file run.txt (compact mmCIF, C-alpha atoms)
# COMPACT_ATOMS: atom_id res chain seq x y z
CA MET A 673 253.43 70.59 36.13
CA THR A 674 255.09 73.93 35.61
CA ALA A 675 255.14 73.41 31.87
CA ALA A 676 251.42 72.62 31.95
CA ALA A 677 250.66 75.88 33.70
CA ALA A 678 252.88 77.86 31.37
CA SER A 679 251.36 76.28 28.26
CA SER A 680 247.93 77.65 29.13
CA THR A 681 248.56 80.58 26.79
CA ASN A 682 248.02 78.26 23.81
CA ILE A 683 244.59 76.93 24.84
CA ALA A 684 241.52 77.85 22.78
CA THR A 685 238.76 80.15 24.06
CA LYS A 686 235.04 79.28 23.87
CA GLU A 687 231.84 80.76 25.30
CA ARG A 688 230.40 78.97 28.34
CA ASN A 689 227.19 79.45 30.35
CA PHE A 690 227.99 79.73 34.04
CA ILE A 691 225.40 78.93 36.69
CA CYS A 692 223.67 81.91 38.28
CA ILE A 693 222.98 81.68 42.03
CA ASP A 694 219.95 83.66 43.24
CA LEU A 695 220.20 84.51 46.97
CA SER A 696 216.73 86.06 47.27
CA ASP A 697 214.50 84.79 50.10
CA PHE A 698 217.56 82.98 51.42
CA ASP A 699 216.11 81.46 54.59
CA ASN A 700 213.21 79.82 52.74
CA ARG A 701 215.22 78.79 49.68
CA ARG A 702 218.42 77.56 51.34
CA ASP A 703 218.06 73.96 50.15
CA GLU A 704 217.44 75.07 46.55
CA ILE A 705 220.41 77.45 46.68
CA THR A 706 222.61 74.70 48.11
CA ALA A 707 221.66 72.35 45.26
CA ASP A 708 222.48 75.03 42.67
CA LEU A 709 225.81 75.78 44.35
CA MET A 710 226.77 72.12 44.39
CA ARG A 711 226.28 71.93 40.63
CA ALA A 712 228.41 75.03 40.12
CA CYS A 713 231.16 74.12 42.56
CA THR A 714 231.67 70.53 41.49
CA GLY A 715 231.97 71.62 37.86
CA ASP A 716 233.22 75.04 36.80
CA GLY A 717 234.10 76.32 40.27
CA PHE A 718 232.87 79.70 38.95
CA PHE A 719 229.37 81.15 39.18
CA TYR A 720 227.43 84.42 39.19
CA VAL A 721 225.49 85.66 42.23
CA ILE A 722 222.41 87.88 42.00
CA ASN A 723 219.99 89.34 44.56
CA HIS A 724 222.85 89.33 47.04
CA GLY A 725 221.88 92.44 48.97
CA ILE A 726 224.71 94.79 47.95
CA ALA A 727 223.18 97.76 46.17
CA VAL A 728 224.57 98.73 42.76
CA GLU A 729 225.10 102.23 44.16
CA ASP A 730 227.37 100.85 46.88
CA ILE A 731 229.38 98.90 44.30
CA ARG A 732 229.76 102.04 42.17
CA THR A 733 230.84 104.05 45.22
CA MET A 734 233.54 101.51 46.06
CA PHE A 735 234.75 101.55 42.47
CA GLN A 736 234.96 105.34 42.46
CA ALA A 737 236.93 105.27 45.70
CA SER A 738 239.29 102.78 44.05
CA VAL A 739 239.65 104.91 40.89
CA ASP A 740 240.43 107.97 43.01
CA PHE A 741 243.03 106.08 45.05
CA PHE A 742 244.88 104.80 41.99
CA ALA A 743 244.80 108.29 40.47
CA LEU A 744 247.08 109.45 43.29
CA SER A 745 250.75 109.85 42.49
CA ASP A 746 252.99 106.86 43.10
CA ASP A 747 254.84 108.93 45.70
CA ILE A 748 251.66 109.10 47.78
CA LYS A 749 250.74 105.44 47.25
CA LYS A 750 254.26 104.43 48.27
CA LYS A 751 253.40 105.59 51.77
CA TYR A 752 251.33 102.39 52.02
CA PRO A 753 253.67 99.71 50.61
CA ILE A 754 252.75 96.05 50.41
CA ASP A 755 253.63 94.15 53.58
CA VAL A 756 253.71 90.47 52.62
CA SER A 757 253.62 89.32 56.25
CA ARG A 758 250.28 91.12 56.74
CA ASN A 759 249.05 90.63 53.16
CA ALA A 760 248.13 94.30 52.92
CA GLY A 761 249.31 97.46 51.18
CA TRP A 762 249.95 98.79 47.66
CA GLU A 763 252.03 97.18 44.91
CA LYS A 764 252.65 97.96 41.24
CA LEU A 765 253.91 95.69 38.45
CA ALA A 766 255.18 93.33 41.14
CA GLN A 767 253.09 90.14 40.98
CA ILE A 768 254.75 87.42 38.88
CA ARG A 769 252.85 84.20 38.04
CA PRO A 770 254.47 80.79 37.45
CA SER A 771 252.28 80.55 34.33
CA THR A 772 254.02 83.51 32.66
CA GLY A 773 257.29 84.36 34.42
CA VAL A 774 256.65 88.10 33.94
CA ALA A 775 254.91 90.73 36.06
CA ASP A 776 251.16 91.26 35.69
CA LEU A 777 250.27 94.54 33.96
CA LYS A 778 248.52 96.06 36.98
CA GLU A 779 248.71 97.72 40.38
CA SER A 780 246.67 96.78 43.42
CA ALA A 781 246.08 97.52 47.08
CA GLN A 782 244.65 95.18 49.67
CA PHE A 783 243.27 95.59 53.14
CA SER A 784 242.29 93.33 56.04
CA PHE A 785 240.14 93.64 59.14
CA HIS A 786 242.86 93.90 61.80
CA GLY A 787 246.40 95.13 62.37
CA ILE A 788 246.96 97.38 59.36
CA GLU A 789 246.41 100.88 60.77
CA ASP A 790 249.55 102.17 59.06
CA LEU A 791 248.53 100.76 55.67
CA TRP A 792 245.12 102.39 55.36
CA PRO A 793 245.26 105.51 53.13
CA SER A 794 244.79 108.56 55.31
CA GLN A 795 241.71 110.76 55.12
CA GLU A 796 243.95 113.51 53.80
CA ASP A 797 245.35 111.38 50.96
CA ALA A 798 242.16 109.51 50.05
CA PRO A 799 239.04 111.13 51.56
CA GLY A 800 236.42 108.55 52.50
CA PHE A 801 238.35 105.57 51.14
CA ARG A 802 238.67 103.68 54.42
CA THR A 803 235.04 104.31 55.38
CA TYR A 804 233.78 103.02 52.02
CA ALA A 805 236.14 100.04 52.05
CA GLU A 806 235.29 98.88 55.56
CA LYS A 807 231.57 99.10 54.83
CA PHE A 808 232.06 97.17 51.60
CA MET A 809 234.09 94.48 53.37
CA LEU A 810 231.24 93.89 55.82
CA GLN A 811 228.74 93.69 52.95
CA CYS A 812 230.94 91.12 51.18
CA HIS A 813 231.25 89.19 54.41
CA ASP A 814 227.46 88.98 54.75
CA VAL A 815 227.17 87.52 51.24
CA SER A 816 230.05 85.14 51.95
CA VAL A 817 228.36 83.82 55.11
CA LYS A 818 225.33 82.74 53.08
CA LEU A 819 227.44 81.04 50.44
CA LEU A 820 229.75 79.34 52.95
CA THR A 821 226.73 78.07 54.87
CA CYS A 822 225.33 76.40 51.76
CA LEU A 823 228.74 75.01 50.77
CA ALA A 824 229.05 73.38 54.20
CA LEU A 825 225.59 71.87 53.98
CA GLY A 826 226.28 70.62 50.47
CA LEU A 827 229.28 68.68 51.73
CA GLY A 828 227.33 67.19 54.62
CA PHE A 829 228.87 69.40 57.32
CA SER A 830 227.00 71.48 59.90
CA ALA A 831 225.73 74.84 58.65
CA ASP A 832 228.41 76.79 60.57
CA PHE A 833 231.31 74.51 59.61
CA PHE A 834 232.98 77.07 57.33
CA THR A 835 231.62 80.29 58.82
CA ARG A 836 233.12 79.61 62.24
CA CYS A 837 236.50 79.19 60.54
CA HIS A 838 236.14 82.60 58.86
CA ASP A 839 235.51 84.67 61.98
CA ILE A 840 236.24 88.32 61.16
CA THR A 841 236.16 89.27 64.86
CA GLN A 842 239.35 87.29 65.49
CA PRO A 843 242.79 88.89 65.00
CA ASP A 844 244.05 85.98 62.90
CA ILE A 845 241.37 86.36 60.21
CA LEU A 846 242.97 86.38 56.77
CA ASN A 847 240.05 87.78 54.73
CA THR A 848 241.13 90.66 52.50
CA LEU A 849 239.64 93.25 50.17
CA ARG A 850 241.74 93.90 47.08
CA VAL A 851 241.22 96.78 44.65
CA LEU A 852 242.93 96.43 41.28
CA HIS A 853 243.83 98.77 38.44
CA TYR A 854 244.90 97.36 35.08
CA HIS A 855 246.66 100.14 33.21
CA ASP A 856 245.47 101.82 30.03
CA ILE A 857 247.31 100.12 27.15
CA THR A 858 245.55 101.86 24.25
CA GLY A 859 247.39 101.26 20.97
CA GLN A 860 249.93 98.90 22.54
CA SER A 861 250.71 95.30 21.64
CA PHE A 862 252.41 92.81 23.93
CA PRO A 863 254.20 89.47 23.46
CA PRO A 864 252.03 86.40 24.21
CA GLU A 865 253.57 85.89 27.67
CA TYR A 866 252.26 89.27 28.89
CA TRP A 867 248.87 89.30 30.62
CA ARG A 868 246.95 91.74 32.73
CA ALA A 869 246.87 88.82 35.16
CA GLY A 870 248.55 85.54 34.28
CA ALA A 871 246.81 82.18 34.71
CA HIS A 872 246.48 81.26 38.38
CA THR A 873 244.21 79.74 41.00
CA ASP A 874 243.27 81.49 44.23
CA PHE A 875 244.70 80.11 47.47
CA ASP A 876 241.60 80.99 49.47
CA THR A 877 238.24 79.41 50.24
CA LEU A 878 235.92 81.65 48.23
CA THR A 879 236.47 84.81 46.16
CA LEU A 880 233.87 87.48 45.39
CA LEU A 881 234.79 89.55 42.33
CA PHE A 882 233.25 92.78 41.07
CA GLN A 883 233.99 94.34 37.69
CA ARG A 884 232.59 97.28 35.73
CA PRO A 885 230.51 96.95 32.54
CA GLY A 886 232.59 96.87 29.37
CA GLU A 887 235.85 96.16 31.22
CA ASN A 888 236.03 92.46 30.44
CA GLY A 889 238.98 90.13 30.00
CA LEU A 890 238.51 87.60 32.80
CA GLU A 891 238.65 83.99 31.54
CA VAL A 892 238.41 80.64 33.34
CA CYS A 893 239.69 77.19 32.37
CA PRO A 894 237.70 74.41 34.10
CA GLY A 895 239.26 70.96 34.38
CA ARG A 896 241.61 70.89 37.39
CA GLU A 897 241.38 67.62 39.29
CA ALA A 898 243.65 67.98 42.35
CA SER A 899 244.32 70.95 44.62
CA THR A 900 248.04 70.13 44.79
CA GLU A 901 248.57 70.14 41.01
CA PHE A 902 249.04 72.82 38.35
CA GLY A 903 246.69 71.01 35.94
CA HIS A 904 243.92 72.64 33.94
CA GLY A 905 241.36 71.87 31.24
CA ASP A 906 241.57 72.42 27.49
CA VAL A 907 239.27 75.42 26.86
CA TRP A 908 239.24 78.97 28.28
CA ALA A 909 235.84 80.64 28.72
CA PRO A 910 235.18 84.39 29.10
CA VAL A 911 233.43 85.55 32.29
CA ASN A 912 231.35 88.67 31.54
CA PRO A 913 228.87 89.53 34.33
CA ASN A 914 226.18 92.18 34.13
CA GLU A 915 226.49 95.22 36.37
CA GLY A 916 225.65 94.35 39.96
CA GLU A 917 226.31 90.64 39.55
CA ILE A 918 229.10 89.12 41.61
CA VAL A 919 231.48 86.64 40.01
CA CYS A 920 232.41 83.99 42.56
CA ASN A 921 235.05 81.31 42.38
CA LEU A 922 236.36 78.68 44.74
CA GLY A 923 239.97 78.54 45.90
CA ASP A 924 242.51 75.85 46.69
CA MET A 925 241.70 75.94 50.41
CA ILE A 926 238.14 74.68 50.03
CA MET A 927 239.15 72.31 47.21
CA ARG A 928 241.40 70.52 49.70
CA TRP A 929 238.78 70.74 52.47
CA SER A 930 236.30 69.02 50.15
CA ASP A 931 238.77 66.29 49.10
CA ASP A 932 238.79 67.81 45.59
CA VAL A 933 235.00 67.52 45.22
CA PHE A 934 234.86 71.31 44.79
CA LYS A 935 236.98 72.78 41.99
CA SER A 936 239.43 75.66 42.20
CA ASN A 937 240.15 76.33 38.55
CA TYR A 938 242.67 78.42 36.68
CA HIS A 939 241.66 81.91 35.58
CA ARG A 940 243.43 84.87 34.00
CA VAL A 941 242.84 88.39 32.70
CA ARG A 942 244.00 88.71 29.11
CA ALA A 943 245.54 91.86 27.67
CA PRO A 944 243.12 93.20 25.02
CA LYS A 945 244.35 93.50 21.46
CA VAL A 946 244.52 96.63 19.32
CA GLY A 947 240.99 97.27 18.08
CA GLU A 948 239.40 96.06 21.34
CA TYR A 949 238.78 98.23 24.40
CA GLN A 950 242.28 98.79 25.79
CA GLY A 951 241.47 101.47 28.33
CA PRO A 952 241.92 101.02 32.08
CA ARG A 953 240.21 98.12 33.82
CA TYR A 954 239.23 98.19 37.48
CA SER A 955 238.09 95.26 39.59
CA ILE A 956 237.46 94.56 43.27
CA ALA A 957 237.99 91.19 44.94
CA TYR A 958 237.05 89.99 48.40
CA PHE A 959 239.02 86.92 49.43
CA ASN A 960 237.64 84.60 52.10
CA GLN A 961 240.54 82.81 53.75
CA ALA A 962 240.12 80.71 56.89
CA ASN A 963 241.47 82.07 60.16
CA LYS A 964 245.19 81.40 60.38
CA SER A 965 244.69 78.93 63.24
CA ALA A 966 241.75 77.10 61.61
CA ILE A 967 242.31 73.42 60.83
CA ILE A 968 241.78 72.28 57.24
CA GLN A 969 241.17 68.55 57.08
CA GLY A 970 239.50 66.39 54.47
CA ARG A 971 237.70 63.18 55.24
CA GLU A 972 239.18 60.89 52.58
CA ARG A 973 241.85 62.18 50.18
CA TYR A 974 243.43 64.72 52.58
CA PRO A 975 242.81 63.38 56.11
CA GLU A 976 245.98 64.94 57.57
CA PRO A 977 245.16 68.19 59.42
CA ILE A 978 246.89 71.44 58.48
CA THR A 979 246.34 74.98 59.72
CA ALA A 980 245.21 77.60 57.22
CA GLY A 981 248.37 79.54 57.93
CA GLU A 982 250.57 76.57 57.05
CA PHE A 983 248.41 75.77 54.02
CA LEU A 984 249.02 79.25 52.61
CA ARG A 985 252.74 79.03 53.34
CA GLN A 986 252.99 75.75 51.43
CA ALA A 987 250.91 77.13 48.54
CA MET A 988 253.18 80.16 48.21
CA GLU A 989 256.24 77.89 48.39
CA ARG A 990 254.85 75.75 45.54
CA ASN A 991 254.31 78.88 43.48
CA TYR A 992 257.83 80.12 44.23
CA ASN A 993 259.35 76.76 43.26
CA ALA A 994 257.27 76.61 40.07
CA LEU A 995 258.38 80.10 39.09
CA LYS A 996 261.98 79.20 39.85
CA ALA A 997 261.71 76.08 37.66
CA LEU A 998 260.14 78.07 34.83
CA LYS A 999 262.95 80.64 34.87
CA ALA A 1000 265.53 77.85 34.93
CA SER A 1001 263.92 76.17 31.90
CA GLN A 1002 263.93 79.49 30.02
CA LYS A 1003 267.69 79.84 30.59
CA ALA A 1004 268.42 76.26 29.51
call {"tool": "encode", "arguments": {"input": "run.txt", "output": "structure tokens"}}
result
Amino acid sequence: MTAAAASSTNIATKERNFICIDLSDFDNRRDEITADLMRACTGDGFFYVINHGIAVEDIRTMFQASVDFFALSDDIKKKYPIDVSRNAGWEKLAQIRPSTGVADLKESAQFSFHGIEDLWPSQEDAPGFRTYAEKFMLQCHDVSVKLLTCLALGLGFSADFFTRCHDITQPDILNTLRVLHYHDITGQSFPPEYWRAGAHTDFDTLTLLFQRPGENGLEVCPGREASTEFGHGDVWAPVNPNEGEIVCNLGDMIMRWSDDVFKSNYHRVRAPKVGEYQGPRYSIAYFNQANKSAIIQGRERYPEPITAGEFLRQAMERNYNALKALKASQKA
């Protein structure tokens, strides 16, 4: 399994048309939206969302706040270090994927709804950042509620089946906003194992991703069949949204919840080559993860109940063991 994940660097790339989900007139079009989502989520596991209610101006404002934060000196950003236990804080060149065995070429900072007062950049260090981020998190949550409602209905559950398990008013909510900065690598070349973000799946339920025009590089590889495996398909496809569109993908959590009906597929951010745009790339991700105490339980393939907290612990342990195996094979 580890070898399969690592070998993803050798898979061909081909254009692919991803389904576009239109959330306009949501209350009257819910059944139509649900049908479109089911097609997207049982196939690619990736889709675009339009007419979602978040103004382009608000997206630009959040990006500018992110750019300004990352422009701070590392000495200032180190005041807000990553705290793994709270899944919040700043990190740089620290995330290592089992698919590559080397650190991603990026820095990031992530924030949650509760219990991270000491990890929010201060008004003095990053004027307005927290205000913009908290507003943006609520906007992302509103979009997520609509999508999670349709995903529940599509699986034959009650409309609130997923939304009540992603309750942002509760202290054990695991939803996070992550801002990312992929460094300027103009004129540089890297060995094939180096990626801006190595191939991986998300551990969550649903991810909302925002990226700026011209700063592409995200690719997806549909074809994974089981949430417990490192398997993937045989073709990578670029994901290049227009400004204002949200790229959404499903994570391992909902793949298990759906008994693998929904697909959480591998994706990566490739390092551009000399001659392509190699300047900085910024992206923003909002991760929907069930409340830590929520019970994830399938109806057929995965009938045994597991809390979201334990699910994430096991997922991280699998990743750690896969990385350990990869390093051992490289030494052999």
call {"tool": "residues_around", "arguments": {"input": "run.txt", "residues": "range 874-889 of chain A", "least_positions_apart": "4", "cutoff": "6 Å", "atoms": "all atoms listed in the file", "output": "ChimeraX atom specification"}}
result
/A:915,918-926,941-942,953,955-961
call {"tool": "residues_around", "arguments": {"input": "run.txt", "residues": "range 807-810 of chain A", "least_positions_apart": "5", "cutoff": "8 Å", "atoms": "all atoms listed in the file", "output": "PyMOL selection string"}}
result
chain A and resi 730-731+734+849+958
call {"tool": "residues_around", "arguments": {"input": "run.txt", "residues": "Arg711 in chain A", "least_positions_apart": "6", "cutoff": "12 Å", "atoms": "only C-alpha atoms", "output": "PyMOL selection string"}}
result
chain A and resi 690-693+704-705+717-719+823+826-827+933-935
call {"tool": "closest_residue", "arguments": {"input": "run.txt", "among": "A:Gln969, A:Ser794, A:Asn963, A:Asn914", "to": "Gly981 in chain A", "atoms": "only C-alpha atoms"}}
result
A:Asn963
call {"tool": "atom_distance", "arguments": {"input": "run.txt", "atom1": "CA of Arg971 in chain A", "atom2": "CA of Ser930 in chain A"}}
result
7.9 Å
call {"tool": "axis_aligned_box", "arguments": {"input": "run.txt", "around": "range 795-807 of chain A", "padding_each_side": "8 Å", "output": "lines of an AutoDock Vina configuration file"}}
result
center_x = 238.5
center_y = 106.2
center_z = 52.8
size_x = 29.8
size_y = 30.6
size_z = 21.5
call {"tool": "atom_distance", "arguments": {"input": "run.txt", "atom1": "CA of Trp908 in chain A", "atom2": "CA of Ala712 in chain A"}}
result
16.5 Å
call {"tool": "closest_residue", "arguments": {"input": "run.txt", "among": "A:Val756, A:His853, A:Leu695, A:Ser738", "to": "Arg985 in chain A", "atoms": "only C-alpha atoms"}}
result
A:Val756
call {"tool": "closest_residue", "arguments": {"input": "run.txt", "among": "A:Ala781, A:Leu852, A:Ala727, A:Leu791", "to": "Lys751 in chain A", "atoms": "only C-alpha atoms"}}
result
A:Leu791
call {"tool": "closest_residue", "arguments": {"input": "run.txt", "among": "A:Met927, A:Ile754, A:Ala824, A:Ala743", "to": "His855 in chain A", "atoms": "only C-alpha atoms"}}
result
A:Ala743
call {"tool": "residues_around", "arguments": {"input": "run.txt", "residues": "range 835-846 of chain A", "least_positions_apart": "2", "cutoff": "7 Å", "atoms": "only C-alpha atoms", "output": "PyMOL selection string"}}
result
chain A and resi 785-786+817+820-821+832-833+848+961-964+966
call {"tool": "closest_residue", "arguments": {"input": "run.txt", "among": "A:Glu976, A:Asp797, A:Asp790, A:Glu891", "to": "Val907 in chain A", "atoms": "all atoms listed in the file"}}
result
A:Glu891
call {"tool": "residues_near_point", "arguments": {"input": "run.txt", "point": "(244.7, 102.1, 26.6)", "cutoff": "10 Å", "atoms": "all atoms listed in the file", "output": "MDAnalysis selection string"}}
result
chainID A and resid 854:860 944 946 948:953
call {"tool": "closest_residue", "arguments": {"input": "run.txt", "among": "A:Ile967, A:Ala871, A:Leu777, A:Ile978", "to": "Asn937 in chain A", "atoms": "only C-alpha atoms"}}
result
A:Ala871
call {"tool": "atom_distance", "arguments": {"input": "run.txt", "atom1": "CA of Trp792 in chain A", "atom2": "CA of Ala760 in chain A"}}
result
9.0 Å
call {"tool": "residues_around", "arguments": {"input": "run.txt", "residues": "Leu744 in chain A", "least_positions_apart": "4", "cutoff": "9 Å", "atoms": "all atoms listed in the file", "output": "JSON, numbers by chain"}}
result
{"A": [740, 748, 749, 797, 798]}
call {"tool": "write_last_selection", "arguments": {"input": "run.txt", "atoms": "C-alpha atoms", "output": "tab-separated table (two decimals), in the frame of the given file"}}
result
chain	number	residue	atom	x	y	z
A	740	ASP	CA	240.43	107.97	43.01
A	748	ILE	CA	251.66	109.10	47.78
A	749	LYS	CA	250.74	105.44	47.25
A	797	ASP	CA	245.35	111.38	50.96
A	798	ALA	CA	242.16	109.51	50.05
